[in-house]
>>> print(open('upload_28.txt').read())   # compact mmCIF, C-alpha atoms
# COMPACT_ATOMS: atom_id res chain seq x y z
CA MET G 1 18.07 -20.70 -17.44
CA PRO G 2 17.14 -18.12 -14.79
CA GLY G 3 13.55 -17.42 -13.86
CA LYS G 4 11.99 -13.99 -13.91
CA ILE G 5 10.80 -11.54 -11.28
CA THR G 6 7.42 -9.88 -11.68
CA VAL G 7 6.23 -7.29 -9.17
CA ILE G 8 2.61 -6.17 -8.99
CA THR G 9 2.17 -2.98 -6.98
CA GLY G 10 -0.22 -0.13 -6.32
CA PRO G 11 -2.63 1.03 -3.63
CA MET G 12 -5.19 -1.00 -1.76
CA TYR G 13 -8.20 -2.13 -3.84
CA SER G 14 -6.30 -1.88 -7.12
CA GLY G 15 -6.45 -5.60 -7.89
CA LYS G 16 -2.89 -6.60 -7.00
CA THR G 17 -3.88 -9.92 -5.44
CA THR G 18 -6.39 -10.57 -8.23
CA GLU G 19 -3.59 -10.12 -10.78
CA LEU G 20 -1.26 -12.33 -8.72
CA LEU G 21 -3.84 -15.11 -8.53
CA SER G 22 -4.52 -14.87 -12.25
CA PHE G 23 -0.86 -15.75 -12.84
CA VAL G 24 -1.23 -18.69 -10.42
CA GLU G 25 -4.13 -19.91 -12.54
CA ILE G 26 -2.12 -19.59 -15.76
CA TYR G 27 0.70 -21.72 -14.35
CA ASN G 28 -1.78 -24.26 -12.99
CA ILE G 29 -3.54 -24.54 -16.36
CA GLY G 30 -0.10 -25.20 -17.84
CA ARG G 31 0.32 -28.01 -15.28
CA LYS G 32 3.30 -26.33 -13.67
CA LYS G 33 3.95 -26.75 -9.96
CA THR G 34 3.41 -23.57 -7.97
CA LYS G 35 3.56 -22.43 -4.36
CA VAL G 36 1.78 -19.42 -2.88
CA PHE G 37 3.02 -17.59 0.22
CA LYS G 38 1.74 -14.90 2.54
CA PRO G 39 3.09 -13.20 5.65
CA ALA G 40 1.83 -14.71 8.90
CA ILE G 41 0.91 -11.21 10.11
CA ASP G 42 -1.89 -10.99 7.52
CA ASN G 43 -4.81 -13.12 8.71
CA ARG G 44 -7.65 -10.99 7.32
CA TYR G 45 -9.13 -13.80 5.22
CA GLY G 46 -7.81 -16.87 7.00
CA GLU G 47 -4.59 -18.49 8.08
CA ASP G 48 -3.76 -20.57 5.00
CA ILE G 49 -5.28 -18.70 2.07
CA VAL G 50 -4.57 -15.71 -0.10
CA SER G 51 -7.82 -14.01 -1.01
CA THR G 52 -8.94 -11.07 -3.06
CA HIS G 53 -11.30 -8.51 -1.53
CA THR G 54 -14.02 -10.07 -3.68
CA GLY G 55 -13.50 -13.56 -2.27
CA PHE G 56 -11.44 -15.40 -4.91
CA LYS G 57 -8.89 -17.43 -2.95
CA VAL G 58 -6.15 -20.03 -3.18
CA LYS G 59 -4.32 -22.14 -0.62
CA ALA G 60 -1.15 -20.54 0.69
CA PHE G 61 1.66 -21.15 3.12
CA LYS G 62 1.94 -18.51 5.83
CA VAL G 63 5.47 -17.67 6.90
CA ASP G 64 6.88 -15.51 9.67
CA LYS G 65 10.27 -15.01 8.04
CA SER G 66 11.05 -15.06 4.35
CA LYS G 67 13.71 -17.77 4.71
CA GLU G 68 10.95 -20.21 5.75
CA ILE G 69 9.90 -20.25 2.09
CA TYR G 70 12.91 -22.47 1.31
CA LYS G 71 11.40 -25.42 3.19
CA TYR G 72 8.50 -25.52 0.71
CA ILE G 73 10.62 -25.35 -2.45
CA ASP G 74 12.00 -28.33 -4.36
CA GLU G 75 13.30 -28.88 -7.88
CA THR G 76 9.77 -29.44 -9.26
CA VAL G 77 8.53 -25.91 -8.46
CA SER G 78 8.22 -23.70 -11.55
CA ALA G 79 6.96 -20.53 -9.89
CA ILE G 80 6.26 -19.02 -6.51
CA PHE G 81 3.77 -16.29 -5.71
CA ILE G 82 4.18 -14.00 -2.70
CA ASP G 83 1.37 -11.72 -1.55
CA GLU G 84 1.68 -8.65 0.69
CA VAL G 85 5.45 -8.43 0.22
CA GLN G 86 5.60 -5.13 2.13
CA PHE G 87 5.13 -7.13 5.35
CA PHE G 88 8.15 -9.39 4.76
CA ASP G 89 11.66 -8.92 6.14
CA ILE G 90 14.42 -7.55 3.92
CA GLU G 91 15.91 -11.06 3.52
CA LEU G 92 13.15 -11.65 0.96
CA ILE G 93 15.31 -9.83 -1.61
CA ASP G 94 18.17 -12.36 -1.39
CA LEU G 95 15.71 -15.27 -1.37
CA VAL G 96 14.05 -13.99 -4.55
CA LYS G 97 17.40 -13.51 -6.28
CA ASP G 98 18.48 -17.01 -5.26
CA LEU G 99 15.29 -18.68 -6.47
CA VAL G 100 15.36 -16.86 -9.79
CA PHE G 101 18.90 -18.11 -10.44
CA LYS G 102 17.62 -21.62 -9.70
CA GLY G 103 15.18 -21.19 -12.61
CA ILE G 104 12.06 -20.38 -10.59
CA ASP G 105 9.75 -17.55 -11.66
CA VAL G 106 8.86 -15.28 -8.74
CA TYR G 107 5.71 -13.16 -8.66
CA CYS G 108 5.32 -10.62 -5.86
CA ALA G 109 2.38 -8.39 -5.00
CA GLY G 110 2.35 -5.60 -2.47
CA LEU G 111 1.89 -1.99 -1.58
CA ASP G 112 4.61 0.35 -2.77
CA ILE G 113 3.97 3.13 -0.23
CA SER G 114 2.37 3.39 3.19
CA TYR G 115 -0.55 5.67 3.98
CA LEU G 116 2.10 8.08 5.33
CA GLU G 117 3.57 8.13 1.81
CA ASN G 118 6.73 6.32 2.87
CA PRO G 119 8.06 3.69 0.46
CA PHE G 120 8.01 0.13 1.75
CA GLU G 121 11.66 -0.93 1.61
CA VAL G 122 11.08 -4.53 0.55
CA THR G 123 8.72 -3.54 -2.27
CA ALA G 124 11.06 -0.77 -3.43
CA LYS G 125 14.01 -3.17 -3.63
CA LEU G 126 11.94 -5.78 -5.45
CA LEU G 127 10.83 -3.13 -7.96
CA ALA G 128 14.48 -2.28 -8.57
CA ILE G 129 15.41 -5.87 -9.52
CA ALA G 130 12.17 -6.84 -11.28
CA ASP G 131 12.08 -8.00 -14.88
CA GLU G 132 8.50 -6.79 -15.10
CA VAL G 133 6.56 -4.25 -13.03
CA ILE G 134 2.77 -4.03 -13.11
CA LYS G 135 1.61 -0.77 -11.50
CA LYS G 136 -2.08 -0.93 -10.68
CA LYS G 137 -4.52 1.89 -9.99
CA ALA G 138 -7.78 1.84 -8.06
CA VAL G 139 -10.97 3.84 -8.26
CA CYS G 140 -10.65 6.92 -6.04
CA GLU G 141 -13.15 6.79 -3.18
CA LYS G 142 -13.59 10.57 -3.32
CA CYS G 143 -13.89 11.53 -7.00
CA GLY G 144 -14.76 8.14 -8.51
CA GLU G 145 -12.03 8.24 -11.15
CA HIS G 146 -9.83 5.23 -11.91
CA ARG G 147 -6.61 7.00 -10.97
CA ALA G 148 -6.05 6.26 -7.29
CA THR G 149 -2.44 5.49 -6.45
CA TYR G 150 -2.57 6.04 -2.69
CA SER G 151 -3.98 4.13 0.27
CA TYR G 152 -5.49 6.63 2.71
CA LYS G 153 -6.11 5.71 6.33
CA ILE G 154 -9.54 6.84 7.55
CA VAL G 155 -9.14 5.85 11.21
CA PRO G 156 -6.73 7.44 13.66
CA ASP G 157 -3.74 5.71 15.14
CA GLY G 158 -2.70 2.07 14.72
CA GLY G 159 0.76 2.86 13.40
CA GLU G 160 2.22 2.74 9.92
CA ILE G 161 1.91 -1.05 9.77
CA ASP G 162 -1.75 -1.60 10.57
CA ILE G 163 -3.45 -4.51 8.81
CA GLY G 164 -6.97 -3.77 7.69
CA GLY G 165 -9.47 -3.36 4.92
CA LYS G 166 -12.35 -1.03 4.10
CA GLU G 167 -12.86 -0.34 7.81
CA LYS G 168 -9.47 1.43 7.90
CA TYR G 169 -8.38 2.39 4.40
CA ILE G 170 -9.64 3.86 1.15
CA ALA G 171 -7.97 4.26 -2.22
CA ILE G 172 -7.48 7.85 -3.27
CA CYS G 173 -5.95 9.79 -6.16
CA ARG G 174 -3.21 12.38 -5.81
CA GLU G 175 -5.58 15.33 -6.35
CA CYS G 176 -8.06 14.17 -3.71
CA LEU G 177 -5.21 13.36 -1.31
CA HIS G 178 -3.94 16.92 -1.70
CA LYS G 179 -7.44 18.27 -1.01
CA LEU G 180 -7.83 16.11 2.11
CA LYS G 181 -4.43 17.15 3.44
CA ASN G 182 -5.28 20.81 2.95
CA GLY G 183 -8.74 20.54 4.52
CA ARG G 184 -10.74 21.05 1.33
>>> encode(input="upload_28.txt", output="structure tokens")
Amino acid sequence: MPGKITVITGPMYSGKTTELLSFVEIYNIGRKKTKVFKPAIDNRYGEDIVSTHTGFKVKAFKVDKSKEIYKYIDETVSAIFIDEVQFFDIELIDLVKDLVFKGIDVYCAGLDISYLENPFEVTAKLLAIADEVIKKKAVCEKCGEHRATYSYKIVPDGGEIDIGGKEKYIAICRECLHKLKNGR
């Protein structure tokens, strides 16, 4: 029987990783074997952990290329969990499809759009093939409402792929984004 694909997406500070790790805990309570992965490029909280902004963390395997995930998978694995999918190469899509048809549940968390409002290709393709999509919102840093769907970069430069946290990005709603863009 095939596994399922669940994608958790939304802006920064919306609780994507928290949600991902809650699913890890559910599988672990059920005594199912799991593996957690992260892109090697993301070392904000350490080399071999996935962590929420509030400090809840689990051990993870860091990988440079998505195909490296295969070396950690065997027939006893029930589910894999991949954080920050927007930083992975496009080969992640085929890997996810392959693992699901081997009966492994795959949970992915990541940003859907960049601060420039460009869709992240890997996340977009995962959303298209997902069995379940969880779209998270954050509290807007400007108006304080729980409707932020954008990550807004508050420092200049650094490029579209620029790893960071509160020192570089805030969560913002569509209305406040429009106001910022129009100088209001």
>>> residues_around(input="upload_28.txt", residues="segment 130-147 of chain G", least_positions_apart="2", cutoff="8 Å", atoms="all atoms listed in the file", output="list in words")
Lys4, Ile5, Thr6, Val7, Ile8, Thr9, Gly10, Pro11, Met12, Tyr13, Ser14, Gly15, Lys16, Leu126, Leu127, Ala128, Thr149, Ile170, Ala171, Ile172, Cys173 and Cys176 of chain G
>>> residues_around(input="upload_28.txt", residues="segment 68-85 of chain G", least_positions_apart="4", cutoff="6 Å", atoms="only C-alpha atoms", output="ChimeraX atom specification")
/G:32-38,104-110
>>> closest_residue(input="upload_28.txt", among="G:Leu99, G:Val58, G:Pro156, G:Gly3", to="Asn28 of chain G", atoms="only C-alpha atoms")
G:Val58
>>> residues_around(input="upload_28.txt", residues="segment 65-67 of chain G", least_positions_apart="5", cutoff="8 Å", atoms="all atoms listed in the file", output="ChimeraX atom specification")
/G:39,88-89,91-92,95
>>> atom_distance(input="upload_28.txt", atom1="atom CA of Lys181 of chain G", atom2="atom CA of Glu121 of chain G")
24.3 Å
>>> axis_aligned_box(input="upload_28.txt", around="segment 6-24 of chain G", padding_each_side="5 Å", output="lines of an AutoDock Vina configuration file")
center_x = -0.4
center_y = -8.8
center_z = -7.3
size_x = 25.6
size_y = 29.7
size_z = 21.1
>>> build_atoms(input="upload_28.txt", residues="segment 99-113 of chain G", atoms="N, CA, C and O atoms", output="compact mmCIF listing (two decimals), in the coordinates of the input")
# COMPACT_ATOMS: atom_id res chain seq x y z
N LEU G 99 16.25 -17.81 -5.79
CA LEU G 99 15.29 -18.68 -6.47
C LEU G 99 15.25 -18.43 -7.97
O LEU G 99 15.13 -19.37 -8.76
N VAL G 100 15.37 -17.19 -8.36
CA VAL G 100 15.36 -16.86 -9.79
C VAL G 100 16.56 -17.50 -10.49
O VAL G 100 16.43 -18.04 -11.59
N PHE G 101 17.73 -17.48 -9.83
CA PHE G 101 18.90 -18.11 -10.44
C PHE G 101 18.84 -19.63 -10.41
O PHE G 101 19.61 -20.30 -11.09
N LYS G 102 17.87 -20.17 -9.67
CA LYS G 102 17.62 -21.62 -9.70
C LYS G 102 16.56 -21.95 -10.75
O LYS G 102 16.10 -23.09 -10.84
N GLY G 103 16.13 -20.96 -11.52
CA GLY G 103 15.18 -21.19 -12.61
C GLY G 103 13.72 -21.06 -12.22
O GLY G 103 12.84 -21.45 -12.99
N ILE G 104 13.45 -20.52 -11.05
CA ILE G 104 12.06 -20.38 -10.59
C ILE G 104 11.57 -18.96 -10.87
O ILE G 104 12.25 -17.98 -10.56
N ASP G 105 10.39 -18.86 -11.47
CA ASP G 105 9.75 -17.55 -11.66
C ASP G 105 9.17 -17.11 -10.33
O ASP G 105 8.56 -17.90 -9.61
N VAL G 106 9.34 -15.83 -10.00
CA VAL G 106 8.86 -15.28 -8.74
C VAL G 106 7.93 -14.10 -9.03
O VAL G 106 8.32 -13.15 -9.70
N TYR G 107 6.71 -14.21 -8.53
CA TYR G 107 5.71 -13.16 -8.66
C TYR G 107 5.44 -12.60 -7.27
O TYR G 107 5.17 -13.36 -6.34
N CYS G 108 5.53 -11.28 -7.14
CA CYS G 108 5.32 -10.62 -5.86
C CYS G 108 4.25 -9.55 -6.01
O CYS G 108 4.23 -8.83 -7.00
N ALA G 109 3.39 -9.44 -5.01
CA ALA G 109 2.38 -8.39 -5.00
C ALA G 109 2.45 -7.67 -3.67
O ALA G 109 2.60 -8.30 -2.62
N GLY G 110 2.34 -6.35 -3.71
CA GLY G 110 2.35 -5.60 -2.47
C GLY G 110 2.24 -4.11 -2.66
O GLY G 110 2.41 -3.59 -3.77
N LEU G 111 1.97 -3.44 -1.58
CA LEU G 111 1.89 -1.99 -1.58
C LEU G 111 3.28 -1.40 -1.81
O LEU G 111 4.26 -1.91 -1.29
N ASP G 112 3.33 -0.32 -2.56
CA ASP G 112 4.61 0.35 -2.77
C ASP G 112 4.87 1.43 -1.73
O ASP G 112 6.01 1.65 -1.34
N ILE G 113 3.80 2.10 -1.23
CA ILE G 113 3.97 3.13 -0.23
C ILE G 113 2.92 2.98 0.87
O ILE G 113 1.83 2.49 0.63
